[in-house]
Every structure is written in C-alpha cells, then in structure tokens.
Amino acid sequence: DSGVTQTPKHLITATGQRVTLRCSPRSGDLSVYWYQQSLDQGLQFLIQYYNGEERAKGNILERFSAQQFPDLHSELNLSSLELGDSALYFCASSVEAGTGVFSSSGSGELFFGEGSRLTVL
Amino acid sequence: QKEVEQDPGPLSVPEGAIVSLNCTYSNSAFQYFMWYRQYSRKGPELLMYTYSSGNKEDGRFTAQVDKSSKYISLFIRDSQPSDSATYLCAMSGQGGSEKLVFGKGTKLTVNP
C-alpha cells in the first residue's frame, strides 16, 4: 500500500459528461501529480501541484482542470468527455517539489495510487 | 522523436532466465534514471534509481546507465514468476521542478 488513495476506482460515463477524480496524498507529502495512462500513449504527465499551487503542467487538455485543496487532497476534473479520454488516471505524491531529485533532505520518489479507470461510452 | 523510447514487448521468459529491459532517450539533460514496476491493476512503484552514469545493484536487479549512448538497462537475474509485471523506465533532469518522463513500459511474463 503506497498510502495514496484514489476514488473512484472505476467510472463509466457517457460522452459529453463531466467527472471528478479525487486523490489523497501520503501523509506529509506536499506534491500531487496527475498522470494519464493509455495503451498507446503510456504514462503521460498531466499536471502537478505543490502545497496548493500549480507547479508544472504537462499534456493536459483544456477540458481538464485540477486543484489542490488546503488539506492537500487534489481533484482532477474532466469535462466534455470524449471516447478517447477512456484511460487509467493515476495520482502520485512526493515530499519534494521536484521528482527524481533524491537529495539528503528528501526524496523525489513518486508514490502512486491504484488509479481510477475511466470508461467513456 | 519521443524523449524516451521503450519496447512494449510483451516479453515472455522461463523461470530462472536473465531478463534484459532497455530504454533509449534523446534528452541529454536527463540525470536521474529510474525503473518503476507496475503489477496488473496497480499503480507503478519505484524499483531502482541511479544518478548519472554507472551501475547499481540491488539483489537480483541491476540498473545500468550509459549516458554516452543515451541508453539504460535493467537486468533481472534468476527471474521469478512474481517478477511478472510491466516495467517502466523514467528519467528527469536536475532541478527542483523537473518532471519525470516515462517510457511506455515493457510487459514481462515469467513462466514457472
């Protein structure tokens, strides 16, 4: 168990709808990352928040938005859903603001949740 | 050209075999190199990481980085059925806000 909690685990919805995915990071982690995983694209970075502020943006569509709340949980909002949005959405957390920086003061290791599987019909 | 290329496989080997998994990359700024393991229906988990070039060994696992060739490898010795998973390479540059770039992952099955 990574300590990162994602809900819901599975979600089936129709095109044009809007859904919200929720993530609770590990206790003490200030950074939250959202990734999309599909068979053809692999694991794609969407967006990162650090202590409530947007830190980095990846390949996130304009129809998608996210936020991190004062209690550090995060939500990813997906709107005007299309068939191609069907994928696994992972949340990950880390102590540091950056990843891959394994310094003596902390770790850049990402801890992933078990994902939310979104199916758009 | 994608920043990180990884053969998706699938790769199927008998128990006890030596497994070699590889990634190539194009961004010479990458300094941190990681391997994540993802079991079916689970999120990825960090297996090993190395900084810059060289080798790192952890039990049956060895990670190698060749920055001159922009090529990284993960070797699994005496592979076990419990090693069956998808292995994703990941890398990032130096700095506090660098994002991690993942390969697509190689699906490995170790047959008993």
# chains A, B, ... in the order shown; residues from 1 in each chain; ligands from 1
call {"tool": "residues_around", "arguments": {"residues": "A:Tyr50", "least_positions_apart": "3", "cutoff": "7 Å", "atoms": "only C-alpha atoms", "output": "VMD selection string"}}
result
chain A and resid 30 to 32 53 to 55 97
call {"tool": "interface_residues", "arguments": {"of": "chain A", "to": "chain B", "cutoff": "10 Å", "atoms": "only C-alpha atoms", "output": "PyMOL selection string"}}
result
chain A and resi 1-2+4+33+37-45+47-48+50+55-58+88-92+96-102+108-117
call {"tool": "select_by_dssp", "arguments": {"residues": "stretch 23-101 of chain B", "states": "strand (DSSP E)", "output": "PyMOL selection string"}}
result
chain B and resi 23-25+30-38+45-51+54-58+61-66+71-76+85-93+101
call {"tool": "atom_distance", "arguments": {"atom1": "atom CA of A:Thr20", "atom2": "atom CA of A:Val95"}}
result
24.3 Å
call {"tool": "residues_around", "arguments": {"residues": "B:Val19", "least_positions_apart": "4", "cutoff": "9 Å", "atoms": "only C-alpha atoms", "output": "VMD selection string"}}
result
chain B and resid 11 13 74 to 79 108
call {"tool": "atom_distance", "arguments": {"atom1": "atom CA of B:Leu47", "atom2": "atom CA of B:Val65"}}
result
15.0 Å
call {"tool": "atom_distance", "arguments": {"atom1": "atom CA of B:Trp35", "atom2": "atom CA of B:Ala63"}}
result
8.2 Å
call {"tool": "residues_around", "arguments": {"residues": "A:Asn77", "least_positions_apart": "5", "cutoff": "12 Å", "atoms": "only C-alpha atoms", "output": "PyMOL selection string"}}
result
chain A and resi 17-23+34+46-47+60-68+89
